[in-house]
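Colleague: Following this message is one structure expressed as structure tokens.
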Amino acid sequence: MCGIIGYLGSRLAIPVLLEGLYAQEYRGYDSAGIATIEEGRLNIYKSTGKIAELDKKIGGQYGSATAGIGHTRWATHGKPSDINCHPHVDCRQKIALVHNGIIENYQEVKAALQDQGHHFLSDTDTEVLPHLLEQYYQGDLLAAMQEACGHVKGFYAMLALCLEEPRRIVAARLDNPLIIGIGQGEYYFASDMSALIDYTREMIILQNGDIADVSDQGVVIYNQGQKVERSVKHIDWDKEAAKKGGYPHFMLKEIHEQPKVLAQTMQGRLQEDCRRVDLNELALQKQDLQNIDQIAIVACGTAYHAGLIGKQVIEKLLRMPVMVELASEFIHNDPLIDQHTLGVVISQSGETMDTLAALRVFRENGAKVLAICNVVDSTIAREADQVLYTMAGPEIAVASTKAYSSQLMLLYMLAFHLAQILQRHSDEQLNVWLKAMYQLPQLAAALLAENEETIKTLAKTISDWQDAFFIGRGLDYAVAQEGALKLKEISYIHAEAYAAGELKHGTIALITPKVPVIALATQEPLLKMMVSNIVELKTRGAYVIALTRGAAPEVEHVADAVIHLPETDELLTPVLSVIPLQLLAYYAALYRDCDIDQPRNLAKSVTVP
Ligand code: F6R
């Protein structure tokens with residue numbers, strides 16, 4: 001959601017900035033812009049729509065500027081337009097600024113600045129920032145930024161450039177990510193590490209309240225007016241991981257990466273003989289757990305759907321109550337949590353604003369927080385008491401796939417780990433589950449190899465649908481919710497998930513001839529009831545695609561089409577059953593000619609509430 005890029009060095013700035021913007025396209029945006037300083041004036045280039053439009057406007061005229069800032073904007077305050085697009089400038093066009101976040105008190109700041117004679121052009125909250133800098137500028141951009149930050153409420157990552165100090169970029173961060181890449185006598189700025197990995201692997205991750213003064217002399221960072229040291233981290237991501245690697249879309253690549261990602265997430269955490277899970281990174285002892293009377297899982301979107309599985313698995317294995325809540329609801333609901341609650345927040349990006357707010361609610365109520373994150377050193381990872389990293393690598397497609405399955409994997413391992421500590425199950429029983437878990441990467445690979453063509457054919461049928469229902473019971477219902485989200489977010493087909501047992505309490509009124517239903521029927525004890533539900537739907541003319549674990553003749557008999565998952569322990573089935581649903585959504589979107597990796601209105605990382 002909004003992407004920031006900046007460069008100060010000796011290369012031509014515009015191509016570096018454009019490349020950095022392209023690399024962050026997946027964050028979601030509706031306009032883009034760049035500012036450089038050249039021949040004593042600020043040059044601003046802006047365009048609504050795709051970055052390619054901005055690139056076309058610039059038309060290869062890169063000039064000679066070697067410093068600049070750029071931005072992709074996801075509209076919050078003010079519709080997408082050239083005026084509202086960043087960079088924004090002050091009255092005298094001497095200061096340019098790009099911003100990610102929201103300035104909550106912008107109306108009062110704007111009114112005060114207007115009283116002082118400042119003239120505003122846009123509808124954005126951001127525009128107050130260059131005017132504040134102008135107001136406080138007395139030949140020192142850093143000092144002006146320090147003063148300006150004291151007058152705004154909200155959250156931000158921002159970069160400022162000033163005509164009078166052309167070899168200086170000042171950066172500030174509060175609750176929105178901002179990274180500084182360190183090259184040989186050159187400096188890069190971005191919202192995401194993946195945008196910089198082609199240039200440098202040495203990165204400083206700015207922390208909340210940091211203001212960085214970057215010039216040819218180096219990087220100096222301040223926090224609350226005091227100089228602070230921030231370590232330079234070596235990022236050893238595989239460069240290719242953030243490229244499509246021959247796949248037409250990141251989403252398809254990431255779906256296919258799941259066998260590898262599942263194995264990576266287990267690596268070093270599952271003993272070779274499958275007798276124990278060792279989450280050595282957790283410092284949870286038996287007495288800590290005895291002090292806990294509930295677990296509360298909080299997340300957004302797909303990560304929340306992973307939490308729904310986590311709840312069922314942990315409750316089954318530990319017999320301890322687990323609450324699972326959407327972060328955006330949790331933070332306003334005066335939740336029943338205290339020091340006897342273990343908070344678990346799940347976030348791929350580690351930057352989702354509502355999940356971060358939930359983490360802080362846990363802390364304020366005395367609860368310890370365990371984060372399950374993918375992005376190393378992200379804000380959520382840093383603020384949590386403990387962190388478990390999902391080893392999914394960079395996830396670029398907006399629709400989450402491999403991050404979800406690695407989150408599931410970690411939730412299973414967490415449940416097994418806690419069950420071991422509390423000695424809730426026999427070693428033999430644990431060994432059965434852990435052996436089954438160890439097989440999952442191989443089974444996921446087989447599932448992909450054997451079913452993709454069938455799923456493609458079914459997706460062709462789905463692509464003509466206006467609506468779709470996903471039904472299931474227990475774990476299947478939780479996976480159904482993820483399947484419905486995947487389908488709606490990338491194919492724009494209206495999709496809803498229902499607990500199969502709820503159909504008769506209202507939803508069945510919507511079932512008429514040819515209404516499509518995807519029925520998950522992977523749980524042996526619930527199979528008979530699922531078959532009855534499918535029959536009820538068929539009686540009303542629905543078209544039913546069923547998902548079963550191995551052969552299930554009773555389902556085959558009643559459904560119109562069946563996708564078979566490889567046999568595994570039914571507790572672990574969600575890790576496999578989501579894969580066909582991801583593929584169905586992908587191919588349905590492909591047949592509908594949708595922008596799969598960057599669906600409309602969506603952003604990869606939701607950094608506003
Ligand atoms: C959907 C999707 C979103 C994210 C949600 C949380 O495919 O990706 O629903 O799961 O925005 O994001 P993170 O996990 O980064 O906190």
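Residue numbers start at 1 in each chain; chains themselves are named A, B, ... in the order of the structure tokens; ligands are numbered from 1 in the order shown.
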Can you pull out every residue within 7 Å of Arg11 in chain A, counting only C-alpha atoms, but drop anything in the same chain fewer than 2 positions away, and send it as a list in words?

Modeller: Gly9, Ala13 and Thr66 of chain A

Colleague: With only C-alpha atoms and all ligand atoms counted and 6 Å as the cut-off, give the residues of chain A in contact with ligand 1, each with its shortest interatomic distance in Å and the pair that gives it, as CSV.

Modeller:
residue,atom,partner,partner_atom_place_in_ligand_line,distance
A:Cys300,CA,ligand 1,6 (C),4.6
A:Gly301,CA,ligand 1,9 (O),3.2
A:Thr302,CA,ligand 1,10 (O),3.7
A:Ala303,CA,ligand 1,10 (O),4.7
A:Ser347,CA,ligand 1,14 (O),3.4
A:Gln348,CA,ligand 1,14 (O),3.6
A:Ser349,CA,ligand 1,15 (O),3.6
A:Gly350,CA,ligand 1,15 (O),5.7
A:Thr352,CA,ligand 1,16 (O),4.5
A:Val398,CA,ligand 1,8 (O),5.6
A:Ala399,CA,ligand 1,7 (O),3.4
A:Ser400,CA,ligand 1,7 (O),3.9
A:Ser605,CA,ligand 1,15 (O),5.3
A:Val606,CA,ligand 1,11 (O),5.8

Colleague: Could the residues in this selection be written to a file with all heavy atoms, as a PDB file, in the first residue's frame?

Modeller:
ATOM      1  N   CYS A 300      -5.395 -10.543  10.009  1.00  0.00           N
ATOM      2  CA  CYS A 300      -6.314 -10.022   8.990  1.00  0.00           C
ATOM      3  C   CYS A 300      -6.307 -10.943   7.772  1.00  0.00           C
ATOM      4  O   CYS A 300      -5.291 -11.563   7.460  1.00  0.00           O
ATOM      5  CB  CYS A 300      -5.841  -8.655   8.489  1.00  0.00           C
ATOM      6  SG  CYS A 300      -5.759  -7.404   9.741  1.00  0.00           S
ATOM      7  N   GLY A 301      -7.415 -10.954   7.065  1.00  0.00           N
ATOM      8  CA  GLY A 301      -7.509 -11.616   5.754  1.00  0.00           C
ATOM      9  C   GLY A 301      -7.082 -13.064   5.784  1.00  0.00           C
ATOM     10  O   GLY A 301      -7.503 -13.865   6.630  1.00  0.00           O
ATOM     11  N   THR A 302      -6.206 -13.403   4.864  1.00  0.00           N
ATOM     12  CA  THR A 302      -5.741 -14.780   4.744  1.00  0.00           C
ATOM     13  C   THR A 302      -5.043 -15.251   6.021  1.00  0.00           C
ATOM     14  O   THR A 302      -5.193 -16.407   6.437  1.00  0.00           O
ATOM     15  CB  THR A 302      -4.786 -14.876   3.520  1.00  0.00           C
ATOM     16  OG1 THR A 302      -5.607 -14.790   2.356  1.00  0.00           O
ATOM     17  CG2 THR A 302      -3.993 -16.135   3.492  1.00  0.00           C
ATOM     18  N   ALA A 303      -4.293 -14.358   6.649  1.00  0.00           N
ATOM     19  CA  ALA A 303      -3.597 -14.740   7.884  1.00  0.00           C
ATOM     20  C   ALA A 303      -4.619 -15.089   8.970  1.00  0.00           C
ATOM     21  O   ALA A 303      -4.405 -16.000   9.784  1.00  0.00           O
ATOM     22  CB  ALA A 303      -2.685 -13.601   8.342  1.00  0.00           C
ATOM     23  N   SER A 347       1.120 -12.464  10.554  1.00  0.00           N
ATOM     24  CA  SER A 347       1.191 -11.480   9.469  1.00  0.00           C
ATOM     25  C   SER A 347       2.334 -11.831   8.531  1.00  0.00           C
ATOM     26  O   SER A 347       3.471 -11.968   8.964  1.00  0.00           O
ATOM     27  CB  SER A 347       1.409 -10.079  10.053  1.00  0.00           C
ATOM     28  OG  SER A 347       1.604  -9.153   9.017  1.00  0.00           O
ATOM     29  N   GLN A 348       2.015 -11.950   7.264  1.00  0.00           N
ATOM     30  CA  GLN A 348       3.053 -12.196   6.264  1.00  0.00           C
ATOM     31  C   GLN A 348       4.011 -11.016   6.244  1.00  0.00           C
ATOM     32  O   GLN A 348       5.212 -11.170   6.404  1.00  0.00           O
ATOM     33  CB  GLN A 348       2.389 -12.404   4.889  1.00  0.00           C
ATOM     34  CG  GLN A 348       3.323 -12.775   3.743  1.00  0.00           C
ATOM     35  CD  GLN A 348       4.150 -11.639   3.186  1.00  0.00           C
ATOM     36  OE1 GLN A 348       5.374 -11.775   3.064  1.00  0.00           O
ATOM     37  NE2 GLN A 348       3.560 -10.517   2.873  1.00  0.00           N
ATOM     38  N   SER A 349       3.448  -9.815   6.044  1.00  0.00           N
ATOM     39  CA  SER A 349       4.292  -8.626   5.863  1.00  0.00           C
ATOM     40  C   SER A 349       4.922  -8.159   7.171  1.00  0.00           C
ATOM     41  O   SER A 349       5.979  -7.546   7.160  1.00  0.00           O
ATOM     42  CB  SER A 349       3.443  -7.485   5.309  1.00  0.00           C
ATOM     43  OG  SER A 349       2.416  -7.171   6.236  1.00  0.00           O
ATOM     44  N   GLY A 350       4.230  -8.426   8.270  1.00  0.00           N
ATOM     45  CA  GLY A 350       4.703  -7.899   9.551  1.00  0.00           C
ATOM     46  C   GLY A 350       4.464  -6.401   9.674  1.00  0.00           C
ATOM     47  O   GLY A 350       4.990  -5.751  10.585  1.00  0.00           O
ATOM     48  N   THR A 352       1.076  -5.000   8.773  1.00  0.00           N
ATOM     49  CA  THR A 352      -0.355  -4.690   8.696  1.00  0.00           C
ATOM     50  C   THR A 352      -0.771  -3.864   9.913  1.00  0.00           C
ATOM     51  O   THR A 352      -0.586  -4.282  11.062  1.00  0.00           O
ATOM     52  CB  THR A 352      -1.165  -5.998   8.599  1.00  0.00           C
ATOM     53  OG1 THR A 352      -0.733  -6.661   7.420  1.00  0.00           O
ATOM     54  CG2 THR A 352      -2.653  -5.732   8.511  1.00  0.00           C
ATOM     55  N   VAL A 398      -0.279 -10.275  -4.850  1.00  0.00           N
ATOM     56  CA  VAL A 398      -1.111  -9.705  -3.781  1.00  0.00           C
ATOM     57  C   VAL A 398      -1.872 -10.813  -3.056  1.00  0.00           C
ATOM     58  O   VAL A 398      -1.980 -10.819  -1.830  1.00  0.00           O
ATOM     59  CB  VAL A 398      -2.066  -8.634  -4.368  1.00  0.00           C
ATOM     60  CG1 VAL A 398      -3.193  -8.321  -3.406  1.00  0.00           C
ATOM     61  CG2 VAL A 398      -1.283  -7.362  -4.673  1.00  0.00           C
ATOM     62  N   ALA A 399      -2.395 -11.775  -3.813  1.00  0.00           N
ATOM     63  CA  ALA A 399      -3.141 -12.869  -3.183  1.00  0.00           C
ATOM     64  C   ALA A 399      -2.158 -13.815  -2.508  1.00  0.00           C
ATOM     65  O   ALA A 399      -1.282 -14.397  -3.148  1.00  0.00           O
ATOM     66  CB  ALA A 399      -3.953 -13.615  -4.230  1.00  0.00           C
ATOM     67  N   SER A 400      -2.324 -13.970  -1.226  1.00  0.00           N
ATOM     68  CA  SER A 400      -1.384 -14.778  -0.448  1.00  0.00           C
ATOM     69  C   SER A 400      -1.633 -16.271  -0.672  1.00  0.00           C
ATOM     70  O   SER A 400      -2.767 -16.736  -0.608  1.00  0.00           O
ATOM     71  CB  SER A 400      -1.573 -14.430   1.028  1.00  0.00           C
ATOM     72  OG  SER A 400      -0.624 -15.099   1.797  1.00  0.00           O
ATOM     73  N   SER A 605       0.354  -4.923   1.269  1.00  0.00           N
ATOM     74  CA  SER A 605       0.568  -4.733   2.694  1.00  0.00           C
ATOM     75  C   SER A 605      -0.293  -3.543   3.118  1.00  0.00           C
ATOM     76  O   SER A 605      -0.142  -2.437   2.601  1.00  0.00           O
ATOM     77  CB  SER A 605       2.064  -4.495   2.890  1.00  0.00           C
ATOM     78  OG  SER A 605       2.321  -3.908   4.086  1.00  0.00           O
ATOM     79  N   VAL A 606      -1.254  -3.807   4.021  1.00  0.00           N
ATOM     80  CA  VAL A 606      -2.250  -2.775   4.355  1.00  0.00           C
ATOM     81  C   VAL A 606      -1.750  -1.964   5.548  1.00  0.00           C
ATOM     82  O   VAL A 606      -1.937  -2.345   6.706  1.00  0.00           O
ATOM     83  CB  VAL A 606      -3.629  -3.414   4.616  1.00  0.00           C
ATOM     84  CG1 VAL A 606      -4.668  -2.349   4.920  1.00  0.00           C
ATOM     85  CG2 VAL A 606      -4.055  -4.222   3.390  1.00  0.00           C
TER      86      VAL A 606
END

Colleague: Pick out the residues sitting within 12 Å of range 454-464 of chain A, and hand them over as a PyMOL selection string; count only C-alpha atoms, and ignore anything fewer than 6 positions along from it in its own chain.

Modeller: chain A and resi 447-448+487-488+490-495+514-518+543-547+560-564+579-594

Colleague: Which residues come within 9 Å of Leu133 in chain A, counting only C-alpha atoms, excluding same-chain residues fewer than 5 positions away, as an MDAnalysis selection string?

Modeller: chainID A and resid 90 95 128 141 144:145 147:148 160

Colleague: Between CA of Phe250 in chain A and CA of Tyr156 in chain A, measure the distance and give it in Å to one decimal.

Modeller: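 Distance reported for this atom pair: 28.3 Å.
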
Colleague: List every residue of range 112-275 of chain A that DSSP, applied to the backbone of this structure, assigns to helix (DSSP H, G or I), and report them as an MDAnalysis selection string.

Modeller: chainID A and resid 112:115 128:136 141:149 193:195 239:242 250:256 258:266

Colleague: So, counting only C-alpha atoms, which residue among A:Asn374, A:Thr265, A:Asn105, A:Gln420 is closest to Pro394 in chain A?

Modeller: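 Closest to Pro394 in chain A of all the choices is A:Asn374.
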
Colleague: When DSSP works through the backbone of this structure, what residues of range 98-338 of chain A end up as strand (DSSP E), shown as a VMD selection string?

Modeller: chain A and resid 98 to 103 154 to 162 165 to 174 179 to 182 187 to 190 202 to 205 210 to 215 218 to 223 226 to 228 233 to 234 294 to 299 322 to 326

Colleague: Report, in Å to a single decimal, how far apart CA of Leu21 in chain A and CA of Lys402 in chain A are.

Modeller: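 Distance reported for this atom pair: 23.8 Å.
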
Colleague: How many Å lie between CA of Val324 in chain A and CA of Glu502 in chain A, rounded to one decimal?

Modeller: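 Distance reported for this atom pair: 19.9 Å.
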
Colleague: Determine, using only C-alpha atoms, which residues of range 337-451 of chain A have any atom at most 9 Å from an atom of range 168-178 of chain A, and tabulate each with its shortest atom pair and distance in Å to one decimal place, rows ordered by chain and then rising number, as a tab-separated table.

Modeller:
residue	atom	partner	partner_atom	distance
A:Glu351	CA	A:Asn176	CA	7.1
A:Met353	CA	A:Asp175	CA	7.8
A:Leu356	CA	A:Asp175	CA	8.7
A:Ser378	CA	A:Pro177	CA	7.6
A:Thr379	CA	A:Asp175	CA	7.4

Colleague: Mind writing the picked residues with all heavy atoms as a JSON list (two decimals), in the first residue's frame?

Modeller:
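Once everything was written out, this is out.json:
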[["chain", "number", "residue", "atom", "x", "y", "z"],
["A", 351, "GLU", "N", 3.68, -5.83, 8.75],
["A", 351, "GLU", "CA", 3.46, -4.38, 8.78],
["A", 351, "GLU", "C", 1.98, -4.03, 8.80],
["A", 351, "GLU", "O", 1.64, -2.84, 8.78],
["A", 351, "GLU", "CB", 4.10, -3.71, 7.55],
["A", 351, "GLU", "CG", 5.60, -3.93, 7.38],
["A", 351, "GLU", "CD", 6.44, -3.28, 8.48],
["A", 351, "GLU", "OE1", 5.92, -2.43, 9.23],
["A", 351, "GLU", "OE2", 7.63, -3.63, 8.60],
["A", 353, "MET", "N", -1.31, -2.69, 9.62],
["A", 353, "MET", "CA", -1.57, -1.71, 10.69],
["A", 353, "MET", "C", -2.49, -2.25, 11.78],
["A", 353, "MET", "O", -2.21, -2.08, 12.97],
["A", 353, "MET", "CB", -2.16, -0.45, 10.03],
["A", 353, "MET", "CG", -2.43, 0.68, 10.96],
["A", 353, "MET", "SD", -0.97, 1.23, 11.86],
["A", 353, "MET", "CE", -0.09, 2.13, 10.63],
["A", 356, "LEU", "N", -0.75, -4.85, 13.89],
["A", 356, "LEU", "CA", 0.22, -4.18, 14.77],
["A", 356, "LEU", "C", -0.52, -3.53, 15.95],
["A", 356, "LEU", "O", -0.08, -3.64, 17.12],
["A", 356, "LEU", "CB", 0.98, -3.12, 13.95],
["A", 356, "LEU", "CG", 1.98, -2.26, 14.70],
["A", 356, "LEU", "CD1", 3.08, -3.10, 15.33],
["A", 356, "LEU", "CD2", 2.61, -1.22, 13.76],
["A", 378, "SER", "N", 10.48, -7.11, 10.47],
["A", 378, "SER", "CA", 9.35, -6.22, 10.23],
["A", 378, "SER", "C", 8.89, -5.66, 11.59],
["A", 378, "SER", "O", 9.30, -6.14, 12.65],
["A", 378, "SER", "CB", 8.22, -6.98, 9.56],
["A", 378, "SER", "OG", 7.94, -8.15, 10.29],
["A", 379, "THR", "N", 8.04, -4.67, 11.55],
["A", 379, "THR", "CA", 7.64, -3.99, 12.79],
["A", 379, "THR", "C", 7.00, -4.98, 13.77],
["A", 379, "THR", "O", 7.30, -4.97, 14.97],
["A", 379, "THR", "CB", 6.66, -2.84, 12.47],
["A", 379, "THR", "OG1", 7.23, -2.08, 11.42],
["A", 379, "THR", "CG2", 6.42, -1.96, 13.67]]

Colleague: Rank nothing, just name the residue among A:Leu510, A:Ile221, A:Glu570, A:Ile102 nearest to Gly541 in chain A, using only C-alpha atoms.

Modeller: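 Selected residue with least distance to Gly541 in chain A: A:Leu510.
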
Colleague: Determine, counting only C-alpha atoms, which protein, DNA and RNA residues have an atom within 9 Å of an atom of Leu161 in chain A; residues of the same chain fewer than 4 positions away are not included. Present the result as an NGL selection string.

Modeller: :A and (35-37 or 67-69 or 94-97 or 141 or 165-170)

Colleague: Save out the residues we just selected, C-alpha atoms, as an mmCIF file, in the first residue's frame.

Modeller:
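Below is the file part-v9.cif, written as the result:
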data_model
loop_
_atom_site.group_PDB
_atom_site.id
_atom_site.type_symbol
_atom_site.label_atom_id
_atom_site.label_comp_id
_atom_site.auth_asym_id
_atom_site.auth_seq_id
_atom_site.Cartn_x
_atom_site.Cartn_y
_atom_site.Cartn_z
ATOM 1 C CA ALA A 35 11.071 14.139 -8.174
ATOM 2 C CA THR A 36 14.672 14.962 -9.005
ATOM 3 C CA ILE A 37 16.801 18.074 -8.778
ATOM 4 C CA ALA A 67 19.425 12.030 -6.579
ATOM 5 C CA GLY A 68 15.678 11.692 -6.403
ATOM 6 C CA ILE A 69 12.607 10.308 -4.698
ATOM 7 C CA LYS A 94 11.791 23.965 -3.328
ATOM 8 C CA ILE A 95 10.924 20.950 -1.241
ATOM 9 C CA ALA A 96 9.512 17.685 -2.599
ATOM 10 C CA LEU A 97 8.182 14.908 -0.402
ATOM 11 C CA LEU A 141 16.288 20.060 5.996
ATOM 12 C CA GLU A 165 20.592 21.038 -0.328
ATOM 13 C CA PRO A 166 20.576 18.875 -3.459
ATOM 14 C CA ARG A 167 22.912 16.182 -2.071
ATOM 15 C CA ARG A 168 20.757 15.342 0.938
ATOM 16 C CA ILE A 169 17.682 13.172 1.458
ATOM 17 C CA VAL A 170 15.969 13.187 4.831
#

Colleague: Counting only C-alpha atoms, which residue out of A:Tyr62, A:Tyr45, A:Tyr438, A:Trp465 sits closest to Pro15 in chain A?

Modeller: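 The shortest atom-to-atom distance to Pro15 in chain A comes from A:Tyr62.
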
Colleague: Pull the closest atom pair for each residue of range 243-334 of chain A that gets at most 12 Å from range 440-446 of chain A, along with the distance in Å to one decimal, counting only C-alpha atoms, ordering rows by chain and then ascending residue number, as JSON lines.

Modeller:
{"residue": "A:Ile255", "atom": "CA", "partner": "A:Ala444", "partner_atom": "CA", "distance": 10.0}
{"residue": "A:His256", "atom": "CA", "partner": "A:Ala445", "partner_atom": "CA", "distance": 7.9}
{"residue": "A:Glu257", "atom": "CA", "partner": "A:Ala445", "partner_atom": "CA", "distance": 9.0}
{"residue": "A:Gln258", "atom": "CA", "partner": "A:Ala444", "partner_atom": "CA", "distance": 7.3}
{"residue": "A:Pro259", "atom": "CA", "partner": "A:Pro441", "partner_atom": "CA", "distance": 4.2}
{"residue": "A:Lys260", "atom": "CA", "partner": "A:Pro441", "partner_atom": "CA", "distance": 6.6}
{"residue": "A:Val261", "atom": "CA", "partner": "A:Pro441", "partner_atom": "CA", "distance": 8.0}
{"residue": "A:Leu262", "atom": "CA", "partner": "A:Pro441", "partner_atom": "CA", "distance": 5.7}
{"residue": "A:Ala263", "atom": "CA", "partner": "A:Pro441", "partner_atom": "CA", "distance": 5.8}
{"residue": "A:Gln264", "atom": "CA", "partner": "A:Pro441", "partner_atom": "CA", "distance": 9.4}
{"residue": "A:Thr265", "atom": "CA", "partner": "A:Pro441", "partner_atom": "CA", "distance": 10.2}
{"residue": "A:Met266", "atom": "CA", "partner": "A:Pro441", "partner_atom": "CA", "distance": 9.7}
{"residue": "A:Gln267", "atom": "CA", "partner": "A:Pro441", "partner_atom": "CA", "distance": 11.4}
